[in-house]
Amino acid sequence: QKWLTGHPKGAAAAWMLNGVLQILSTSVIPGNRNADNVAPELRKFTNIVYVNKSMECPTIHAALLKSFGFGQAGGEVLVVHPDFLFATLSTAEFDAYAEKRATREQRTYRYWHETLTGKRPFVNVKTEPPYQEKDQRRVYLDPTARAKFDPKKNTWVFVAPVDMSDMQVPTSGVPLTPAVAKPIAKPSRFDQTVKVPAAIKLEVTMREVAEGLRRPTDKGIGVDIEPVSTFDSTNAEFISRNFTEDEIAYCQSMASDKQARFAGRWAAKEAVVKAISACAPDSRPLWRGSAAAMWGIEILHSASGAPSVRLGGHA
């Protein structure tokens, strides 16, 4: 808990998961020493208890872990007591698991004692990333990139990088000629053994193409994808909060295409947020955050029919 651990740079969820595993193992719920001012609005929920002292329970079947980080990087994990998993296994499956677990326990025991006797450090501090500098772009942008354990280095590394030099795209304004545009080879950088949602593949491809078309004077690039089928264009409050009158009038001018028009403009607004947030990292915040209304970013049609952006308000 944060009252005890402080605020880590990035390992909060890992600490929380470790605490959840200890709770399931010991059936003890640790109290929050700072829980001395529970909001009155929460007191009506009689099935929720906010403890400020540790409480021992007969057994705990499951725990819910929630973590919310910067950049809207949130997560929620349901951890179920292993007894429920073991109950589904056959005797042979359970025995095979128990054998593997015993092997891991022996390795852990040996590792722990070697740290106590000074034969090895308890924590191996890394001085370099698990990939070469030329592979950094692939590791961050390719959702299928996977690390493998290297027994010689005794660590996890990214291996067999894909050569991305054959994925060149022309710079903006340069004609599409064989001299500057190379066809993308059939083997995809997406490993077909890993199931990757089509939306992620498309977004990664669009981001790479956008980077290739980027000119020296361009300061920020934003890419966003919004599924038309799941976009709720019937929510009047949401539409009025995030779209201007001109945008609403245009999107509603063709009933059969209304949902696609709203979804397209919403994706464009999100892309603009990403672009302007990245163009001046040292200046004041250019956007008020995820709770801000999007009417300040207006997506219009230019004379050629291409979309144009008009910023207003804080943006």
# chains A, B, ... in the order shown; residues from 1 in each chain; ligands from 1

call {"tool": "residues_around", "arguments": {"residues": "segment 125-135 of chain A", "least_positions_apart": "6", "cutoff": "8 Å", "atoms": "only C-alpha atoms", "output": "ChimeraX atom specification"}}
result
/A:156-159,161

call {"tool": "atom_distance", "arguments": {"atom1": "atom CA of Ser302 of chain A", "atom2": "atom CA of Ala236 of chain A"}}
result
26.6 Å

call {"tool": "closest_residue", "arguments": {"among": "A:Ala271, A:Leu300, A:Ile60, A:Ile239", "to": "Lys258 of chain A", "atoms": "only C-alpha atoms"}}
result
A:Ile239

call {"tool": "select_by_dssp", "arguments": {"residues": "segment 38-123 of chain A", "states": "helix (DSSP H, G or I)", "output": "VMD selection string"}}
result
chain A and resid 40 to 42 70 to 72 82 to 86 91 to 116

call {"tool": "write_last_selection", "arguments": {"atoms": "N, CA, C and O atoms", "output": "compact mmCIF listing (two decimals), in the first residue's frame"}}
result
# COMPACT_ATOMS: atom_id res chain seq x y z
N PRO A 40 -18.39 10.02 3.65
CA PRO A 40 -19.75 9.62 4.07
C PRO A 40 -20.53 8.94 2.95
O PRO A 40 -21.37 8.08 3.22
N GLU A 41 -20.26 9.32 1.70
CA GLU A 41 -21.00 8.73 0.58
C GLU A 41 -20.75 7.23 0.46
O GLU A 41 -21.57 6.50 -0.10
N LEU A 42 -19.61 6.75 0.98
CA LEU A 42 -19.27 5.34 0.85
C LEU A 42 -19.83 4.48 1.98
O LEU A 42 -19.82 3.26 1.88
N PHE A 70 -0.06 7.11 -15.10
CA PHE A 70 -0.05 8.29 -15.94
C PHE A 70 -0.28 7.89 -17.40
O PHE A 70 0.05 6.79 -17.82
N GLY A 71 -0.82 8.81 -18.17
CA GLY A 71 -1.06 8.53 -19.58
C GLY A 71 -2.21 7.58 -19.81
O GLY A 71 -2.28 6.88 -20.81
N GLN A 72 -3.16 7.53 -18.89
CA GLN A 72 -4.34 6.67 -19.00
C GLN A 72 -3.96 5.19 -19.08
O GLN A 72 -4.68 4.40 -19.68
N PRO A 82 -5.50 -20.25 -5.79
CA PRO A 82 -5.11 -21.41 -6.60
C PRO A 82 -5.87 -22.69 -6.30
O PRO A 82 -5.93 -23.59 -7.14
N ASP A 83 -6.48 -22.78 -5.13
CA ASP A 83 -7.24 -24.00 -4.82
C ASP A 83 -8.36 -24.23 -5.83
O ASP A 83 -8.70 -25.39 -6.14
N PHE A 84 -8.93 -23.16 -6.35
CA PHE A 84 -10.00 -23.31 -7.33
C PHE A 84 -9.46 -23.85 -8.65
O PHE A 84 -10.14 -24.57 -9.37
N LEU A 85 -8.22 -23.49 -8.99
CA LEU A 85 -7.59 -24.03 -10.18
C LEU A 85 -7.21 -25.49 -9.98
O LEU A 85 -7.46 -26.34 -10.84
N PHE A 86 -6.63 -25.79 -8.82
CA PHE A 86 -6.21 -27.17 -8.55
C PHE A 86 -7.41 -28.12 -8.58
O PHE A 86 -7.28 -29.29 -8.96
N THR A 91 -5.47 -35.89 -11.32
CA THR A 91 -4.36 -36.25 -10.44
C THR A 91 -3.02 -36.18 -11.15
O THR A 91 -2.03 -35.68 -10.61
N ALA A 92 -2.98 -36.65 -12.41
CA ALA A 92 -1.74 -36.62 -13.18
C ALA A 92 -1.30 -35.18 -13.45
O ALA A 92 -0.10 -34.86 -13.34
N GLU A 93 -2.24 -34.30 -13.80
CA GLU A 93 -1.90 -32.90 -14.06
C GLU A 93 -1.39 -32.22 -12.80
O GLU A 93 -0.44 -31.44 -12.84
N PHE A 94 -2.05 -32.52 -11.67
CA PHE A 94 -1.62 -31.90 -10.41
C PHE A 94 -0.22 -32.37 -10.02
O PHE A 94 0.61 -31.58 -9.56
N ASP A 95 0.06 -33.67 -10.19
CA ASP A 95 1.37 -34.20 -9.84
C ASP A 95 2.46 -33.58 -10.72
O ASP A 95 3.56 -33.29 -10.25
N ALA A 96 2.16 -33.40 -12.01
CA ALA A 96 3.13 -32.77 -12.91
C ALA A 96 3.41 -31.33 -12.50
O ALA A 96 4.56 -30.88 -12.50
N TYR A 97 2.36 -30.62 -12.11
CA TYR A 97 2.54 -29.24 -11.63
C TYR A 97 3.37 -29.23 -10.35
O TYR A 97 4.28 -28.40 -10.19
N ALA A 98 3.04 -30.12 -9.41
CA ALA A 98 3.74 -30.15 -8.13
C ALA A 98 5.23 -30.42 -8.32
O ALA A 98 6.08 -29.85 -7.61
N GLU A 99 5.57 -31.26 -9.31
CA GLU A 99 6.98 -31.56 -9.58
C GLU A 99 7.70 -30.31 -10.09
O GLU A 99 8.82 -30.01 -9.66
N LYS A 100 7.07 -29.59 -11.00
CA LYS A 100 7.68 -28.36 -11.52
C LYS A 100 7.82 -27.31 -10.42
O LYS A 100 8.82 -26.60 -10.34
N ARG A 101 6.81 -27.24 -9.58
CA ARG A 101 6.85 -26.26 -8.49
C ARG A 101 7.98 -26.58 -7.52
O ARG A 101 8.67 -25.68 -7.02
N ALA A 102 8.18 -27.87 -7.22
CA ALA A 102 9.24 -28.27 -6.31
C ALA A 102 10.61 -27.88 -6.87
O ALA A 102 11.51 -27.44 -6.14
N THR A 103 10.77 -28.01 -8.20
CA THR A 103 12.03 -27.63 -8.83
C THR A 103 12.27 -26.13 -8.70
O THR A 103 13.39 -25.69 -8.40
N ARG A 104 11.23 -25.35 -8.90
CA ARG A 104 11.36 -23.90 -8.76
C ARG A 104 11.68 -23.52 -7.32
O ARG A 104 12.47 -22.59 -7.07
N GLU A 105 11.06 -24.20 -6.36
CA GLU A 105 11.34 -23.91 -4.96
C GLU A 105 12.80 -24.19 -4.61
O GLU A 105 13.42 -23.44 -3.86
N GLN A 106 13.36 -25.28 -5.17
CA GLN A 106 14.76 -25.60 -4.91
C GLN A 106 15.68 -24.52 -5.48
O GLN A 106 16.66 -24.12 -4.84
N ARG A 107 15.36 -24.05 -6.68
CA ARG A 107 16.17 -22.99 -7.28
C ARG A 107 16.06 -21.70 -6.46
O ARG A 107 17.06 -21.00 -6.26
N THR A 108 14.86 -21.41 -6.00
CA THR A 108 14.67 -20.21 -5.19
C THR A 108 15.43 -20.31 -3.88
O THR A 108 16.07 -19.33 -3.45
N TYR A 109 15.39 -21.46 -3.25
CA TYR A 109 16.09 -21.67 -1.98
C TYR A 109 17.59 -21.48 -2.16
O TYR A 109 18.26 -20.82 -1.36
N ARG A 110 18.13 -22.05 -3.25
CA ARG A 110 19.56 -21.93 -3.52
C ARG A 110 19.93 -20.47 -3.80
O ARG A 110 20.95 -19.98 -3.31
N TYR A 111 19.11 -19.81 -4.60
CA TYR A 111 19.39 -18.41 -4.94
C TYR A 111 19.40 -17.56 -3.67
O TYR A 111 20.28 -16.70 -3.49
N TRP A 112 18.43 -17.78 -2.81
CA TRP A 112 18.32 -16.99 -1.59
C TRP A 112 19.56 -17.17 -0.70
O TRP A 112 20.10 -16.20 -0.17
N HIS A 113 20.02 -18.39 -0.56
CA HIS A 113 21.18 -18.65 0.29
C HIS A 113 22.47 -18.14 -0.34
O HIS A 113 23.39 -17.73 0.37
N GLU A 114 22.55 -18.16 -1.66
CA GLU A 114 23.73 -17.60 -2.32
C GLU A 114 23.80 -16.09 -2.12
O GLU A 114 24.90 -15.52 -2.04
N THR A 115 22.66 -15.44 -2.04
CA THR A 115 22.68 -14.00 -1.76
C THR A 115 23.09 -13.73 -0.32
O THR A 115 23.78 -12.75 -0.03
N LEU A 116 22.66 -14.61 0.60
CA LEU A 116 23.02 -14.43 2.01
C LEU A 116 24.51 -14.64 2.24
O LEU A 116 25.12 -14.02 3.12

call {"tool": "closest_residue", "arguments": {"among": "A:Met55, A:Pro307, A:Asn124, A:Thr117", "to": "Asn154 of chain A", "atoms": "only C-alpha atoms"}}
result
A:Asn124

call {"tool": "residues_around", "arguments": {"residues": "Ala260 of chain A", "least_positions_apart": "5", "cutoff": "9 Å", "atoms": "only C-alpha atoms", "output": "ChimeraX atom specification"}}
result
/A:227-229,231,233,251,265

call {"tool": "residues_around", "arguments": {"residues": "Gly19 of chain A", "least_positions_apart": "2", "cutoff": "12 Å", "atoms": "only C-alpha atoms", "output": "short mmCIF file (atom, residue, chain, number, x, y, z; two decimals) with all heavy atoms, in the first residue's frame"}}
result
data_model
loop_
_atom_site.label_atom_id
_atom_site.label_comp_id
_atom_site.auth_asym_id
_atom_site.auth_seq_id
_atom_site.Cartn_x
_atom_site.Cartn_y
_atom_site.Cartn_z
N GLN A 1 0.84 -1.19 0.00
CA GLN A 1 0.00 0.00 0.00
C GLN A 1 0.88 1.24 0.00
O GLN A 1 1.96 1.25 0.55
CB GLN A 1 -0.91 -0.01 1.22
CG GLN A 1 -1.87 -1.19 1.25
CD GLN A 1 -2.79 -1.14 2.45
OE1 GLN A 1 -3.03 -0.08 3.00
NE2 GLN A 1 -3.29 -2.29 2.84
N LYS A 2 0.34 2.30 -0.61
CA LYS A 2 1.16 3.49 -0.80
C LYS A 2 1.58 4.14 0.51
O LYS A 2 2.64 4.75 0.60
CB LYS A 2 0.40 4.49 -1.68
CG LYS A 2 1.27 5.64 -2.17
CD LYS A 2 0.49 6.55 -3.10
CE LYS A 2 0.15 5.87 -4.39
NZ LYS A 2 -0.51 6.79 -5.34
N LEU A 4 2.67 2.74 2.96
CA LEU A 4 3.84 2.03 3.46
C LEU A 4 5.00 2.07 2.47
O LEU A 4 6.15 2.26 2.86
CB LEU A 4 3.47 0.57 3.77
CG LEU A 4 4.60 -0.34 4.24
CD1 LEU A 4 5.14 0.15 5.58
CD2 LEU A 4 4.10 -1.78 4.37
N THR A 5 4.70 1.92 1.18
CA THR A 5 5.75 1.79 0.17
C THR A 5 6.19 3.12 -0.42
O THR A 5 7.25 3.20 -1.03
CB THR A 5 5.28 0.89 -0.98
OG1 THR A 5 4.16 1.49 -1.63
CG2 THR A 5 4.88 -0.49 -0.46
N ALA A 12 4.35 0.12 -9.14
CA ALA A 12 3.25 0.09 -8.18
C ALA A 12 2.38 -1.14 -8.36
O ALA A 12 2.02 -1.82 -7.39
CB ALA A 12 2.42 1.36 -8.31
N ALA A 13 2.02 -1.46 -9.59
CA ALA A 13 1.15 -2.62 -9.84
C ALA A 13 1.84 -3.91 -9.44
O ALA A 13 1.19 -4.84 -8.93
CB ALA A 13 0.75 -2.66 -11.32
N ALA A 14 3.15 -4.01 -9.64
CA ALA A 14 3.88 -5.22 -9.25
C ALA A 14 3.87 -5.37 -7.73
O ALA A 14 3.69 -6.48 -7.21
CB ALA A 14 5.31 -5.16 -9.78
N TRP A 15 4.07 -4.28 -7.02
CA TRP A 15 4.00 -4.34 -5.56
C TRP A 15 2.61 -4.74 -5.10
O TRP A 15 2.44 -5.53 -4.18
CB TRP A 15 4.35 -2.97 -4.98
CG TRP A 15 5.80 -2.62 -5.10
CD1 TRP A 15 6.77 -3.38 -5.68
CD2 TRP A 15 6.44 -1.45 -4.62
NE1 TRP A 15 7.98 -2.73 -5.61
CE2 TRP A 15 7.81 -1.55 -4.97
CE3 TRP A 15 6.00 -0.32 -3.96
CZ2 TRP A 15 8.73 -0.56 -4.66
CZ3 TRP A 15 6.92 0.68 -3.65
CH2 TRP A 15 8.28 0.55 -3.98
N MET A 16 1.61 -4.18 -5.75
CA MET A 16 0.23 -4.49 -5.38
C MET A 16 -0.08 -5.97 -5.62
O MET A 16 -0.73 -6.63 -4.80
CB MET A 16 -0.73 -3.62 -6.18
CG MET A 16 -0.65 -2.14 -5.82
SD MET A 16 -1.43 -1.07 -7.05
CE MET A 16 -3.13 -1.61 -6.90
N LEU A 17 0.40 -6.52 -6.73
CA LEU A 17 0.16 -7.94 -7.03
C LEU A 17 0.86 -8.81 -6.00
O LEU A 17 0.30 -9.83 -5.56
CB LEU A 17 0.65 -8.28 -8.44
CG LEU A 17 0.49 -9.74 -8.86
CD1 LEU A 17 -0.97 -10.16 -8.80
CD2 LEU A 17 1.06 -9.96 -10.25
N LEU A 21 -1.01 -11.57 -3.56
CA LEU A 21 -0.62 -12.97 -3.40
C LEU A 21 -0.38 -13.31 -1.93
O LEU A 21 -0.71 -14.41 -1.47
CB LEU A 21 0.65 -13.23 -4.23
CG LEU A 21 0.49 -13.09 -5.74
CD1 LEU A 21 1.83 -13.33 -6.44
CD2 LEU A 21 -0.56 -14.05 -6.28
N GLN A 22 0.19 -12.37 -1.18
CA GLN A 22 0.39 -12.61 0.25
C GLN A 22 -0.95 -12.68 0.98
O GLN A 22 -1.11 -13.48 1.92
CB GLN A 22 1.26 -11.49 0.83
CG GLN A 22 2.69 -11.49 0.34
CD GLN A 22 3.53 -10.43 1.01
OE1 GLN A 22 3.32 -10.11 2.17
NE2 GLN A 22 4.48 -9.88 0.28
N ILE A 23 -1.90 -11.86 0.57
CA ILE A 23 -3.23 -11.91 1.19
C ILE A 23 -3.89 -13.26 0.97
O ILE A 23 -4.44 -13.87 1.90
CB ILE A 23 -4.11 -10.78 0.63
CG1 ILE A 23 -3.59 -9.41 1.09
CG2 ILE A 23 -5.56 -10.96 1.05
CD1 ILE A 23 -4.29 -8.24 0.43
N LEU A 24 -3.83 -13.78 -0.27
CA LEU A 24 -4.43 -15.08 -0.56
C LEU A 24 -3.71 -16.19 0.20
O LEU A 24 -4.33 -17.19 0.59
CB LEU A 24 -4.39 -15.34 -2.06
CG LEU A 24 -5.24 -14.42 -2.95
CD1 LEU A 24 -5.06 -14.78 -4.41
CD2 LEU A 24 -6.71 -14.51 -2.56
N SER A 25 -2.40 -16.03 0.39
CA SER A 25 -1.63 -17.08 1.05
C SER A 25 -1.85 -17.10 2.56
O SER A 25 -1.89 -18.17 3.17
CB SER A 25 -0.13 -16.88 0.75
OG SER A 25 0.66 -17.80 1.44
N THR A 26 -1.99 -15.92 3.16
CA THR A 26 -2.08 -15.84 4.63
C THR A 26 -3.50 -15.61 5.14
O THR A 26 -3.73 -15.75 6.34
CB THR A 26 -1.19 -14.68 5.13
OG1 THR A 26 -1.68 -13.44 4.59
CG2 THR A 26 0.26 -14.89 4.69
N SER A 27 -4.42 -15.22 4.26
CA SER A 27 -5.80 -14.87 4.64
C SER A 27 -5.84 -13.68 5.59
O SER A 27 -6.75 -13.54 6.41
CB SER A 27 -6.51 -16.08 5.29
OG SER A 27 -6.65 -17.12 4.36
N VAL A 28 -4.83 -12.81 5.49
CA VAL A 28 -4.78 -11.60 6.30
C VAL A 28 -4.91 -10.39 5.37
O VAL A 28 -4.13 -10.25 4.43
CB VAL A 28 -3.47 -11.51 7.11
CG1 VAL A 28 -3.39 -10.17 7.84
CG2 VAL A 28 -3.39 -12.67 8.09
N ILE A 29 -5.90 -9.56 5.65
CA ILE A 29 -6.08 -8.33 4.89
C ILE A 29 -5.36 -7.20 5.62
O ILE A 29 -5.72 -6.87 6.75
CB ILE A 29 -7.57 -7.99 4.74
CG1 ILE A 29 -8.30 -9.11 4.00
CG2 ILE A 29 -7.74 -6.67 3.99
CD1 ILE A 29 -9.79 -8.89 3.89
N PRO A 30 -4.32 -6.61 5.01
CA PRO A 30 -3.60 -5.54 5.72
C PRO A 30 -4.44 -4.28 5.81
O PRO A 30 -5.16 -3.91 4.88
CB PRO A 30 -2.36 -5.32 4.83
CG PRO A 30 -2.79 -5.75 3.48
CD PRO A 30 -3.76 -6.88 3.67
N GLY A 31 -4.39 -3.63 6.94
CA GLY A 31 -5.14 -2.40 7.11
C GLY A 31 -4.40 -1.19 6.57
O GLY A 31 -3.17 -1.18 6.51
N ALA A 63 -9.26 -11.76 -5.01
CA ALA A 63 -8.96 -10.36 -4.74
C ALA A 63 -8.92 -9.60 -6.06
O ALA A 63 -8.55 -10.16 -7.10
CB ALA A 63 -7.63 -10.22 -4.00
N LEU A 64 -9.31 -8.35 -6.01
CA LEU A 64 -9.35 -7.50 -7.20
C LEU A 64 -8.29 -6.42 -7.08
O LEU A 64 -8.25 -5.69 -6.08
CB LEU A 64 -10.73 -6.86 -7.36
CG LEU A 64 -11.00 -6.13 -8.68
CD1 LEU A 64 -10.94 -7.09 -9.86
CD2 LEU A 64 -12.36 -5.44 -8.63
N LEU A 65 -7.43 -6.35 -8.06
CA LEU A 65 -6.34 -5.37 -8.07
C LEU A 65 -6.61 -4.33 -9.15
O LEU A 65 -6.88 -4.67 -10.30
CB LEU A 65 -5.01 -6.08 -8.35
CG LEU A 65 -3.71 -5.27 -8.33
CD1 LEU A 65 -2.53 -6.21 -8.06
CD2 LEU A 65 -3.45 -4.53 -9.63
N VAL A 79 -7.54 -11.83 -9.18
CA VAL A 79 -6.66 -12.92 -8.77
C VAL A 79 -7.48 -13.91 -7.94
O VAL A 79 -8.04 -13.53 -6.91
CB VAL A 79 -5.47 -12.39 -7.96
CG1 VAL A 79 -4.51 -13.53 -7.62
CG2 VAL A 79 -4.73 -11.29 -8.72
#

call {"tool": "residues_around", "arguments": {"residues": "Ile248 of chain A", "least_positions_apart": "3", "cutoff": "10 Å", "atoms": "only C-alpha atoms", "output": "list in words"}}
result
Ile239, Ser240, Asn242, Phe243, Thr244, Glu245, Cys251, Gln252, Ser253, Lys258, Arg261 and Phe262 of chain A

call {"tool": "write_last_selection", "arguments": {"atoms": "N, CA, C and O atoms", "output": "PDB file, in the first residue's frame"}}
result
ATOM      1  N   ILE A 239     -22.399  13.659 -27.524  1.00  0.00           N
ATOM      2  CA  ILE A 239     -22.221  14.353 -28.802  1.00  0.00           C
ATOM      3  C   ILE A 239     -22.152  15.864 -28.601  1.00  0.00           C
ATOM      4  O   ILE A 239     -21.275  16.544 -29.133  1.00  0.00           O
ATOM      5  N   SER A 240     -23.062  16.414 -27.803  1.00  0.00           N
ATOM      6  CA  SER A 240     -23.085  17.867 -27.605  1.00  0.00           C
ATOM      7  C   SER A 240     -21.866  18.353 -26.834  1.00  0.00           C
ATOM      8  O   SER A 240     -21.451  19.510 -26.983  1.00  0.00           O
ATOM      9  N   ASN A 242     -18.780  17.057 -27.042  1.00  0.00           N
ATOM     10  CA  ASN A 242     -17.515  16.850 -27.738  1.00  0.00           C
ATOM     11  C   ASN A 242     -17.501  17.294 -29.196  1.00  0.00           C
ATOM     12  O   ASN A 242     -16.437  17.263 -29.827  1.00  0.00           O
ATOM     13  N   PHE A 243     -18.640  17.687 -29.738  1.00  0.00           N
ATOM     14  CA  PHE A 243     -18.695  18.106 -31.134  1.00  0.00           C
ATOM     15  C   PHE A 243     -19.334  19.483 -31.240  1.00  0.00           C
ATOM     16  O   PHE A 243     -20.265  19.815 -30.480  1.00  0.00           O
ATOM     17  N   THR A 244     -18.844  20.290 -32.178  1.00  0.00           N
ATOM     18  CA  THR A 244     -19.411  21.613 -32.386  1.00  0.00           C
ATOM     19  C   THR A 244     -20.711  21.509 -33.184  1.00  0.00           C
ATOM     20  O   THR A 244     -21.034  20.448 -33.743  1.00  0.00           O
ATOM     21  N   GLU A 245     -21.445  22.605 -33.260  1.00  0.00           N
ATOM     22  CA  GLU A 245     -22.715  22.611 -34.002  1.00  0.00           C
ATOM     23  C   GLU A 245     -22.487  22.304 -35.475  1.00  0.00           C
ATOM     24  O   GLU A 245     -23.292  21.590 -36.096  1.00  0.00           O
ATOM     25  N   CYS A 251     -22.480  15.719 -39.647  1.00  0.00           N
ATOM     26  CA  CYS A 251     -22.591  14.277 -39.409  1.00  0.00           C
ATOM     27  C   CYS A 251     -24.032  13.787 -39.498  1.00  0.00           C
ATOM     28  O   CYS A 251     -24.291  12.646 -39.918  1.00  0.00           O
ATOM     29  N   GLN A 252     -24.982  14.622 -39.114  1.00  0.00           N
ATOM     30  CA  GLN A 252     -26.386  14.217 -39.147  1.00  0.00           C
ATOM     31  C   GLN A 252     -27.072  14.496 -40.481  1.00  0.00           C
ATOM     32  O   GLN A 252     -28.246  14.168 -40.649  1.00  0.00           O
ATOM     33  N   SER A 253     -26.336  15.092 -41.410  1.00  0.00           N
ATOM     34  CA  SER A 253     -26.943  15.407 -42.701  1.00  0.00           C
ATOM     35  C   SER A 253     -27.218  14.169 -43.532  1.00  0.00           C
ATOM     36  O   SER A 253     -28.019  14.206 -44.458  1.00  0.00           O
ATOM     37  N   LYS A 258     -24.225   8.505 -40.519  1.00  0.00           N
ATOM     38  CA  LYS A 258     -24.019   9.346 -39.349  1.00  0.00           C
ATOM     39  C   LYS A 258     -23.000   8.753 -38.385  1.00  0.00           C
ATOM     40  O   LYS A 258     -22.093   9.446 -37.910  1.00  0.00           O
ATOM     41  N   ARG A 261     -19.438   9.020 -39.664  1.00  0.00           N
ATOM     42  CA  ARG A 261     -18.931  10.391 -39.670  1.00  0.00           C
ATOM     43  C   ARG A 261     -18.529  10.842 -38.262  1.00  0.00           C
ATOM     44  O   ARG A 261     -17.484  11.474 -38.079  1.00  0.00           O
ATOM     45  N   PHE A 262     -19.355  10.516 -37.279  1.00  0.00           N
ATOM     46  CA  PHE A 262     -19.005  10.878 -35.902  1.00  0.00           C
ATOM     47  C   PHE A 262     -17.741  10.132 -35.453  1.00  0.00           C
ATOM     48  O   PHE A 262     -16.849  10.719 -34.821  1.00  0.00           O
TER      49      PHE A 262
END

call {"tool": "atom_distance", "arguments": {"atom1": "atom CA of Trp295 of chain A", "atom2": "atom CA of Glu247 of chain A"}}
result
9.4 Å

call {"tool": "residues_around", "arguments": {"residues": "Ala268 of chain A", "least_positions_apart": "4", "cutoff": "12 Å", "atoms": "only C-alpha atoms", "output": "ChimeraX atom specification"}}
result
/A:221-226,243,261-264,272-275,294,297-300,307-310

call {"tool": "atom_distance", "arguments": {"atom1": "atom CA of Ser67 of chain A", "atom2": "atom CA of Thr155 of chain A"}}
result
26.9 Å

call {"tool": "residues_around", "arguments": {"residues": "segment 45-50 of chain A", "least_positions_apart": "6", "cutoff": "9 Å", "atoms": "only C-alpha atoms", "output": "number ranges by chain"}}
result
A: 31-32, 35, 38

call {"tool": "write_last_selection", "arguments": {"atoms": "all heavy atoms", "output": "PDB file, in the first residue's frame"}}
result
ATOM      1  N   GLY A  31      -4.386  -3.629   6.937  1.00  0.00           N
ATOM      2  CA  GLY A  31      -5.142  -2.405   7.114  1.00  0.00           C
ATOM      3  C   GLY A  31      -4.397  -1.189   6.574  1.00  0.00           C
ATOM      4  O   GLY A  31      -3.171  -1.181   6.514  1.00  0.00           O
ATOM      5  N   ASN A  32      -5.130  -0.201   6.192  1.00  0.00           N
ATOM      6  CA  ASN A  32      -4.557   1.069   5.739  1.00  0.00           C
ATOM      7  C   ASN A  32      -4.498   2.014   6.944  1.00  0.00           C
ATOM      8  O   ASN A  32      -5.522   2.505   7.402  1.00  0.00           O
ATOM      9  CB  ASN A  32      -5.410   1.663   4.618  1.00  0.00           C
ATOM     10  CG  ASN A  32      -4.795   2.912   4.025  1.00  0.00           C
ATOM     11  OD1 ASN A  32      -3.878   3.494   4.593  1.00  0.00           O
ATOM     12  ND2 ASN A  32      -5.299   3.317   2.876  1.00  0.00           N
ATOM     13  N   ALA A  35      -6.478   5.243   6.831  1.00  0.00           N
ATOM     14  CA  ALA A  35      -7.930   5.224   6.576  1.00  0.00           C
ATOM     15  C   ALA A  35      -8.677   5.742   7.796  1.00  0.00           C
ATOM     16  O   ALA A  35      -9.343   4.991   8.515  1.00  0.00           O
ATOM     17  CB  ALA A  35      -8.386   3.816   6.215  1.00  0.00           C
ATOM     18  N   VAL A  38     -13.017   8.139   5.982  1.00  0.00           N
ATOM     19  CA  VAL A  38     -13.775   7.534   4.890  1.00  0.00           C
ATOM     20  C   VAL A  38     -14.938   8.455   4.519  1.00  0.00           C
ATOM     21  O   VAL A  38     -15.677   8.938   5.394  1.00  0.00           O
ATOM     22  CB  VAL A  38     -14.300   6.141   5.288  1.00  0.00           C
ATOM     23  CG1 VAL A  38     -15.119   5.543   4.157  1.00  0.00           C
ATOM     24  CG2 VAL A  38     -13.126   5.231   5.642  1.00  0.00           C
TER      25      VAL A  38
END
